Amino acid sequence: MQGHRGLRRAALTATALLLLVASCSGTESGPSAEGTKPAENVKLTFWTWAPNMDKVVAGWNAKHPEIQVTVNKQDGGDPAVTKLLTAIKAGSGAPDLMQAEYQKIPTLVSADALADISKNLGEGVAGHFPETVWKSVTLGSDAVYGVPQDSGPMQFYYRADIFKQHGLTVPTTWEEYAQTAQKLHAADPKKYLGTFSANDPGWFVGLAQQAGASWWGIEGESWSVSVDDEATLKVADYWGGLVESGVIANLPMYTPEWNAALNNGTQVGWLSAVWAPGVLEGNAAATKGKWQMAPMPQWSKDQPATGNWGGSATSVTSQSKHPAEAAKFIEWLNTSPEAVQALAKVSGIYPADQPGQSAALAAPPAFFANQPDFYKVAADTAKTARSFTFGPNVNVAYSAYTDQFGKAAESKSKAGFTAAVRAMQKTTLDNLKSSGFSVK
Amino acid sequence: MSSSSIRRRSVAPYAFLAPAVLLFGAFLALPIGYAVYLSLRTVKVRGLGLGKGSREQVWAGLSNYSKAMTDPDFAASVLRVAAYGVLVVPAMLGFALLFALLLDSPRARATKFARLAIFLPYAVPAVISSLLWGFLYLPSVSPLYYVFGKVGWEVPSVLGSGSVIYAVANIAVWGGLGFNMVVIYTALKAIPTEIYEAAKLDGCGEISIAWRIKVPVVLPSLIMTFVFSLIATLQVFAEPVTLRPLTNTISSTWTPLMKVYRDAFTRDDLHSAAATSVILAVATFVLSFGFLRLVQNRAFSQEN
């Protein structure tokens, strides 16, 4: 959800390029080569909240008069899923196509909302995506529940000017991150290197993922839940220590207060994802040119890793009467050079498609014009993203996160952080069991 | 009298009643019945729960109710709302009565303006007023904290764990005061002036007129506003939900209604949500009618 708030902001940047691209794709569109198809026209509806998606889809509609796609703009990931699940329960009213965040896919599959399109996709589609991303749409099975659209590899964003002012160096390990946070806070008690946000479970999942966590798993015919695995406890313990000592703030992100802190330079760094420039531009426009991006601080220097915050796939719903045509469209949308380029430039998202990525993202985002290698660093870090399996009750785990870590962050106690992880594990596991899932 | 006219007469009341009964049935009784039905059902998942036919709705008996009643989060939210009610209801009604009496006193000036100014917050939707107050509560964007900083006061954030309940209660009082004041004020205006004249002849001052005549006469209005406030308290939702993203201190089950919302829309478990809703509805019914029964002799005896 937050990720897409970020994406939406990122799109604002991209709107400037809109006219340019619209004219480019206009010259490419000609009469369809497959004009031999029967006159039977297929109409597909597409629920998405990616900005300007209708303009990307226009490129398809111009070339495929026999398969017309209508974009139906949604408010965001959570409300769209609620609406879709309601439509699935009602038996009608679902669209043909649906933007689905990776962490929601198991929930949607479990509610029988998504169609398996493995037989409708062309060969080699899987090869377009990093394996860890492709796994999110297959859930490790032979079925395919969508085609990845964007991903959100995490990096460290920081105020280069303030770093220079206090003589700080960019932390490359978490140990250095803690030292840097302490130095900065000691030099100016108003300043923090970051905040621990109890409102952003997706952010914490990215951090845990980097450390090697994977909260759910399928073993044979059963689910396993390991929210309290060693990696997650390590991450929680680390952040608990930082919050307890007071060198890291404990207030949530995406509040007016946080925006003010980004603007006035009291939040000096942000562990965020590749869509961060759009958010920073929207929330702290005056700080343009003062930020830099670096790879995430590492747990182990010789095994660089990162996590993902945000990202989604395009899926075909189980109510669609034209799954084959719908699958054809999403294959074009997320793997054709033309569409991937438009996704990056018009919609402002970070495409998951690897072949198209480098062509689409040559120049850095406008807000990071001072860092020409922005997308090179992004692509390098994206390759190190670790795998993470989501389960059928991510919603339960996420709401337990906000409640438990809200308490822990407020009390500023290190012990509270690891207790929060254990409470999340219990809530998530109990919920799966009481719903009747077979659980190991 | 012919038999046909008798029949016509006996049909007529039903014809008049029909629209109300139909609307009541379709939009109140039926949904309530459906909620009760849902609360007795649950979804059972089989195996991994992936793919077609892996979930089915089954009878759950009272298990959703026992789950809700034994959930520590639910108990905590009920206690929290009780504390919230103890803060909000007396403060809101106390101020409403005070303002109504002040406006009604013969020495009051600019009453039209004051009445409007006090009533106006009621016209602001709860979500908007919570956002407005939210900005005032956040130290780094609040003009109030800016002033505190200039004066040199160290004021902790009101959204902290100890004070967040006051922060929420304040919004409710600010928003609800005007409505209650108008109700009480209207009742005051209906008191015949002869009573005041008689009281004055007997040597009553303004304060003793207010205490001995006005307050007892508007008691039925006070009771009505009390019942409304009680119901509103049990259903508090918009204010904490709007403030929630701004702070760590408001959990997703902060009030019973927030728990209903979380179960239904975050956890996608309509059945638990329905059970909690039914419990909440019964509690509201019992509390408000229980209170009315308790006070009806005192409050309404003078009218009969």
# chains A, B, ... in the order shown; residues from 1 in each chain; ligands from 1

$ closest_atom_pairs --of "chain A" --to "chain B" --cutoff "6 Å" --atoms "only C-alpha atoms" --output "CSV"
residue,atom,partner,partner_atom,distance
A:Val109,CA,B:Leu50,CA,5.7
A:Ser110,CA,B:Leu50,CA,4.3
A:Asp112,CA,B:Gly51,CA,5.3
A:Glu221,CA,B:Leu48,CA,5.9
A:Ser222,CA,B:Leu48,CA,5.7
A:Thr255,CA,B:Leu246,CA,5.6
A:Glu257,CA,B:Ser140,CA,5.7
A:Asn395,CA,B:Arg267,CA,5.9
A:Val396,CA,B:Arg267,CA,5.6
A:Asp403,CA,B:Ser251,CA,5.0
A:Gly406,CA,B:Asn248,CA,4.3
A:Ser435,CA,B:Lys44,CA,5.7
A:Gly436,CA,B:Val45,CA,4.7
A:Phe437,CA,B:Gly47,CA,5.4
A:Ser438,CA,B:Gly47,CA,4.8

$ residues_around --residues "Val155 of chain B" --least-positions-apart "3" --cutoff "9 Å" --atoms "only C-alpha atoms" --output "MDAnalysis selection string"
chainID B and resid 139 145 148:149 158

$ select_by_dssp --residues "segment 112-195 of chain A" --states "strand (DSSP E)" --output "list in words"
Val147, Pro148, Gln149, Asp150, Ser151, Gly152, Pro153, Met154, Gln155, Phe156, Tyr157, Tyr158 and Arg159 of chain A

$ write_last_selection --atoms "C-alpha atoms" --output "short mmCIF file (atom, residue, chain, number, x, y, z; two decimals), in the first residue's frame"
data_model
loop_
_atom_site.label_atom_id
_atom_site.label_comp_id
_atom_site.auth_asym_id
_atom_site.auth_seq_id
_atom_site.Cartn_x
_atom_site.Cartn_y
_atom_site.Cartn_z
CA VAL A 147 2.68 -11.53 -14.70
CA PRO A 148 4.96 -9.31 -12.59
CA GLN A 149 4.66 -5.63 -13.34
CA ASP A 150 6.88 -3.71 -10.96
CA SER A 151 9.16 -4.35 -8.06
CA GLY A 152 10.50 -2.24 -5.22
CA PRO A 153 14.09 -3.18 -4.38
CA MET A 154 15.20 -1.31 -1.27
CA GLN A 155 18.09 1.12 -0.97
CA PHE A 156 19.35 3.68 1.50
CA TYR A 157 18.46 7.31 0.75
CA TYR A 158 20.30 10.03 2.61
CA ARG A 159 20.91 13.79 2.70
#

$ residues_around --residues "segment 409-425 of chain A" --least-positions-apart "4" --cutoff "7 Å" --atoms "only C-alpha atoms" --output "list of chain:residue names"
A:Ala198, A:Ser226, A:Val227, A:Asp228, A:Leu233, A:Ala236, A:Asp237, A:Gly240, A:Gly241, A:Val243, A:Glu244, A:Asn250, A:Ala397, A:Ala400, A:Tyr401, A:Gln404, A:Phe405, A:Leu429, B:Asn248, B:Thr249

$ residues_around --residues "Gly122 of chain A" --least-positions-apart "2" --cutoff "10 Å" --atoms "only C-alpha atoms" --output "VMD selection string"
chain A and resid 118 to 120 124 to 126 327 to 328 331

$ residues_around --residues "Leu242 of chain A" --least-positions-apart "6" --cutoff "9 Å" --atoms "only C-alpha atoms" --output "ChimeraX atom specification"
/A:178,181-182,196,248-249,414

$ write_last_selection --atoms "all heavy atoms" --output "PDB file, in the first residue's frame"
ATOM      1  N   ALA A 178      24.309   1.943  12.669  1.00  0.00           N
ATOM      2  CA  ALA A 178      24.045   2.283  14.072  1.00  0.00           C
ATOM      3  C   ALA A 178      25.025   3.344  14.571  1.00  0.00           C
ATOM      4  O   ALA A 178      24.637   4.295  15.262  1.00  0.00           O
ATOM      5  CB  ALA A 178      24.129   1.022  14.938  1.00  0.00           C
ATOM      6  N   ALA A 181      24.127   6.663  13.014  1.00  0.00           N
ATOM      7  CA  ALA A 181      22.924   7.207  13.651  1.00  0.00           C
ATOM      8  C   ALA A 181      23.286   7.865  14.977  1.00  0.00           C
ATOM      9  O   ALA A 181      22.811   8.959  15.303  1.00  0.00           O
ATOM     10  CB  ALA A 181      21.908   6.091  13.874  1.00  0.00           C
ATOM     11  N   GLN A 182      24.162   7.209  15.712  1.00  0.00           N
ATOM     12  CA  GLN A 182      24.554   7.718  17.016  1.00  0.00           C
ATOM     13  C   GLN A 182      25.356   9.009  16.889  1.00  0.00           C
ATOM     14  O   GLN A 182      25.111   9.984  17.613  1.00  0.00           O
ATOM     15  CB  GLN A 182      25.373   6.651  17.730  1.00  0.00           C
ATOM     16  CG  GLN A 182      25.436   6.873  19.218  1.00  0.00           C
ATOM     17  CD  GLN A 182      26.428   5.948  19.870  1.00  0.00           C
ATOM     18  OE1 GLN A 182      26.876   4.968  19.251  1.00  0.00           O
ATOM     19  NE2 GLN A 182      26.782   6.246  21.088  1.00  0.00           N
ATOM     20  N   PHE A 196      11.776   4.286  13.012  1.00  0.00           N
ATOM     21  CA  PHE A 196      11.192   2.949  12.940  1.00  0.00           C
ATOM     22  C   PHE A 196       9.681   3.122  12.842  1.00  0.00           C
ATOM     23  O   PHE A 196       9.039   3.587  13.775  1.00  0.00           O
ATOM     24  CB  PHE A 196      11.543   2.098  14.160  1.00  0.00           C
ATOM     25  CG  PHE A 196      11.029   0.703  14.016  1.00  0.00           C
ATOM     26  CD1 PHE A 196      11.803  -0.276  13.420  1.00  0.00           C
ATOM     27  CD2 PHE A 196       9.748   0.379  14.419  1.00  0.00           C
ATOM     28  CE1 PHE A 196      11.315  -1.557  13.243  1.00  0.00           C
ATOM     29  CE2 PHE A 196       9.245  -0.904  14.232  1.00  0.00           C
ATOM     30  CZ  PHE A 196      10.039  -1.868  13.648  1.00  0.00           C
ATOM     31  N   ILE A 248      17.410   6.656  16.962  1.00  0.00           N
ATOM     32  CA  ILE A 248      16.504   6.539  15.815  1.00  0.00           C
ATOM     33  C   ILE A 248      15.121   6.943  16.323  1.00  0.00           C
ATOM     34  O   ILE A 248      14.745   6.608  17.451  1.00  0.00           O
ATOM     35  CB  ILE A 248      16.492   5.077  15.302  1.00  0.00           C
ATOM     36  CG1 ILE A 248      17.776   4.768  14.540  1.00  0.00           C
ATOM     37  CG2 ILE A 248      15.289   4.769  14.449  1.00  0.00           C
ATOM     38  CD1 ILE A 248      17.869   5.391  13.173  1.00  0.00           C
ATOM     39  N   ALA A 249      14.374   7.686  15.499  1.00  0.00           N
ATOM     40  CA  ALA A 249      13.041   8.129  15.919  1.00  0.00           C
ATOM     41  C   ALA A 249      12.074   6.951  15.925  1.00  0.00           C
ATOM     42  O   ALA A 249      12.332   5.918  15.313  1.00  0.00           O
ATOM     43  CB  ALA A 249      12.546   9.218  14.981  1.00  0.00           C
ATOM     44  N   LYS A 414      13.697  -2.399  23.897  1.00  0.00           N
ATOM     45  CA  LYS A 414      14.294  -3.402  23.019  1.00  0.00           C
ATOM     46  C   LYS A 414      13.568  -4.733  23.172  1.00  0.00           C
ATOM     47  O   LYS A 414      13.280  -5.416  22.188  1.00  0.00           O
ATOM     48  CB  LYS A 414      15.768  -3.544  23.394  1.00  0.00           C
ATOM     49  CG  LYS A 414      16.584  -4.296  22.397  1.00  0.00           C
ATOM     50  CD  LYS A 414      18.059  -4.271  22.799  1.00  0.00           C
ATOM     51  CE  LYS A 414      18.843  -5.170  21.886  1.00  0.00           C
ATOM     52  NZ  LYS A 414      20.271  -5.168  22.184  1.00  0.00           N
TER      53      LYS A 414
END

$ residues_around --residues "Leu84 of chain A" --least-positions-apart "2" --cutoff "9 Å" --atoms "only C-alpha atoms" --output "list in words"
Pro79, Ala80, Val81, Thr82, Thr86, Ala87, Ile88, Lys89, Gly93, Ala94, Pro95, Met98, Leu108, Ala113 and Thr317 of chain A

$ write_last_selection --atoms "C-alpha atoms" --output "PDB file, in the first residue's frame"
ATOM      1  CA  PRO A  79      -9.588  -1.057  -1.132  1.00  0.00           C
ATOM      2  CA  ALA A  80      -9.269  -2.768  -4.522  1.00  0.00           C
ATOM      3  CA  VAL A  81      -8.682  -6.144  -2.898  1.00  0.00           C
ATOM      4  CA  THR A  82     -11.637  -5.640  -0.544  1.00  0.00           C
ATOM      5  CA  THR A  86     -16.659  -8.905  -2.274  1.00  0.00           C
ATOM      6  CA  ALA A  87     -17.323  -9.381  -5.988  1.00  0.00           C
ATOM      7  CA  ILE A  88     -15.915 -12.916  -5.865  1.00  0.00           C
ATOM      8  CA  LYS A  89     -18.194 -13.784  -2.942  1.00  0.00           C
ATOM      9  CA  GLY A  93     -18.929  -7.876 -10.598  1.00  0.00           C
ATOM     10  CA  ALA A  94     -15.223  -8.666 -10.740  1.00  0.00           C
ATOM     11  CA  PRO A  95     -13.105  -7.223 -13.558  1.00  0.00           C
ATOM     12  CA  MET A  98      -6.589  -6.899 -11.679  1.00  0.00           C
ATOM     13  CA  LEU A 108      -6.501 -13.772  -3.549  1.00  0.00           C
ATOM     14  CA  ALA A 113     -10.187 -14.854  -7.087  1.00  0.00           C
ATOM     15  CA  THR A 317      -9.584 -12.934 -12.238  1.00  0.00           C
TER      16      THR A 317
END

$ closest_residue --among "B:Glu56, B:Asn170, B:Ser105, B:Phe285" --to "Gly205 of chain B" --atoms "only C-alpha atoms"
B:Ser105
